[in-house]
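A.B. asks: Right, I'll just put the structure down here and ask away after.
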Amino acid sequence: MRTFEALRFLAYLRFELASKRQEALLPLLVPPLLVVFWGSLGILSGRPFENWPTLPFLVGLCLAIGAAASAHAREKDPLTAPFHCLLPVTHEERFATRLLLGLVLPFFGQCFALTLLSNIFVSLGAVILGSGFPGLLLPPLESMLSLGGLFLLAHSVFFAGGIFFRGSPFVKTSLAAVFYAFVLGIASLVLVASGIAERASLSQVVGALLVPQEAGLSKGYETMVLVSRIAWCGVLPLFLYVASALRARELEVRE
């Protein structure tokens, strides 16, 4: 059983969805319910629906991050680990299922559901309130890229912490992230000292984080910001997911 089989993968996906219904469905149900509540309240009070719902989207991402630490809980529990490890599924299929339910589905599933609901309420507002149809509401690309990077970082941290630490995964993974930040800070100081990156004022730092094209930033500092973003939202999540996959395989072999 070393090859990836689509039917077996889908069967295991249904099993995981049924056994982890709350963790999997809350990020997909709570944000749309918030949009329905706020959209209905707005129409009843005479206010048209005008903006894509970023705040409910953030709520759903936070729920998904909270569930990441418990993604491996059953495989680590001595009472349930043998049952889960002996299910007819490969390690790759098991790990892909966890990432699909905890990472891909909350982000892209929410984008689709919230976009659909937003445009429904925009249409209702145009018909009921006579406000006119402003056009399709779509997720803002820059915000989605920024939130996607932060979500990937936070999810990978708690996803890895949930399998490496049997107790207090939040505290221990937070300490690991602080250590990584310390190492990254030393690397930034090296860049500054070598002249590749330059120091910047607090206002410039805030401007770079909020508006990447903020004027007044030196090319050197832009390089340092780019290196930091790649390190935090690219290198670290990739490293944590690979480490999680190796650790999960090790636990399965032990069982």
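Note on naming: chains are A, B, ... as they come in the structure tokens, residues start from 1 per chain, ligands start from 1 in the order shown.
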Within 10 Å of stretch 112-118 of chain A, counting only C-alpha atoms, which residues show up once you throw out same-chain ones fewer than 4 positions away? Write them as a PDB file with C-alpha atoms, in the first residue's frame, please.
C.D. replies:
ATOM      1  CA  LEU A  28     -16.726  27.126   7.136  1.00  0.00           C
ATOM      2  CA  LEU A  29     -19.972  27.734   9.033  1.00  0.00           C
ATOM      3  CA  PRO A  31     -18.074  33.230   8.949  1.00  0.00           C
ATOM      4  CA  PRO A  32     -21.045  32.736   6.563  1.00  0.00           C
ATOM      5  CA  LEU A  33     -23.430  32.951   9.524  1.00  0.00           C
ATOM      6  CA  LEU A  34     -21.810  36.243  10.537  1.00  0.00           C
ATOM      7  CA  VAL A  35     -22.218  37.556   6.996  1.00  0.00           C
ATOM      8  CA  VAL A  36     -25.872  36.504   6.921  1.00  0.00           C
ATOM      9  CA  GLY A  39     -26.056  41.520   5.812  1.00  0.00           C
ATOM     10  CA  PHE A  49     -23.934  45.612   1.447  1.00  0.00           C
ATOM     11  CA  GLU A  50     -20.821  47.206  -0.078  1.00  0.00           C
ATOM     12  CA  ASN A  51     -17.601  45.542   1.096  1.00  0.00           C
ATOM     13  CA  TRP A  52     -16.188  42.034   0.944  1.00  0.00           C
ATOM     14  CA  PRO A  53     -16.385  40.559   4.514  1.00  0.00           C
ATOM     15  CA  THR A  54     -12.750  40.514   5.602  1.00  0.00           C
ATOM     16  CA  PRO A  56     -15.621  37.162   9.172  1.00  0.00           C
ATOM     17  CA  PHE A  57     -12.883  35.704   6.988  1.00  0.00           C
ATOM     18  CA  PHE A 107      -8.954  29.351   3.232  1.00  0.00           C
ATOM     19  CA  PHE A 108     -10.345  28.689  -0.242  1.00  0.00           C
ATOM     20  CA  VAL A 122     -25.388  43.064  -2.870  1.00  0.00           C
ATOM     21  CA  SER A 123     -28.098  41.894  -5.267  1.00  0.00           C
ATOM     22  CA  LEU A 124     -30.727  41.902  -2.503  1.00  0.00           C
ATOM     23  CA  LEU A 136     -19.283  41.889  -8.310  1.00  0.00           C
ATOM     24  CA  LEU A 137     -17.602  41.858  -4.915  1.00  0.00           C
ATOM     25  CA  LEU A 138     -14.360  39.876  -5.063  1.00  0.00           C
ATOM     26  CA  PRO A 139     -11.721  39.197  -2.382  1.00  0.00           C
TER      27      PRO A 139
END
A.B. asks: Just how far from atom CA of A:Glu23 is atom CA of A:Ser174, in Å to one decimal?
C.D. replies: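 It comes out at 21.3 Å.
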A.B. asks: Which residue out of A:Leu100, A:Ala68, A:Ala231, A:Ala187 has the minimum interatomic distance to A:Leu10 when only C-alpha atoms are used?
C.D. replies: A:Leu100
A.B. asks: Work out how far atom CA of A:Leu150 is from atom CA of A:Phe121, in Å to one decimal.
C.D. replies: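 Value for the atom CA of A:Phe121-atom CA of A:Leu150 distance: 28.6 Å.
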A.B. asks: With distances taken over only C-alpha atoms, which of A:Val178, A:Ile120, A:Ala96, A:Leu147 is nearest to A:Gly135?
C.D. replies: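 Looking at the shortest contact to A:Gly135, the residue is A:Ile120.
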A.B. asks: Taking into account only C-alpha atoms, which residue in the set A:Leu152, A:Leu55, A:Leu129, A:Ala11 is nearest to A:Pro106?
C.D. replies: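 Once distances to A:Pro106 are computed over only C-alpha atoms, the minimum belongs to A:Leu152.
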A.B. asks: Rounded to one decimal place, report the atom CA of A:Leu145-atom CA of A:Ala181 distance in Å.
C.D. replies: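 Taking atom CA of A:Leu145 as the start and atom CA of A:Ala181 as the end point, the length is 21.6 Å.
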A.B. asks: Looking at A:Ala73, A:Val30, A:Ile43, A:Leu87, which one is nearest to A:Tyr12, with distances taken over only C-alpha atoms?
C.D. replies: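 Ranked by minimum distance to A:Tyr12, first place goes to A:Leu87.
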A.B. asks: Quick one: residues within 10 Å of stretch 91-95 of chain A, only C-alpha atoms counted, chain neighbours fewer than 2 positions away excluded, as number ranges by chain?
C.D. replies: A: 1-6, 8-10, 12-13, 16, 71-72, 84-85, 87-89, 97-100, 241, 244-246, 248-249, 252
A.B. asks: Using only C-alpha atoms, pick whichever of A:Ser228, A:Ser143, A:Ser40, A:Ser70 has the shortest atom-to-atom distance to A:Gly125.
C.D. replies: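 Between A:Ser228, A:Ser143, A:Ser40, A:Ser70, the residue approaching A:Gly125 most closely is A:Ser40.
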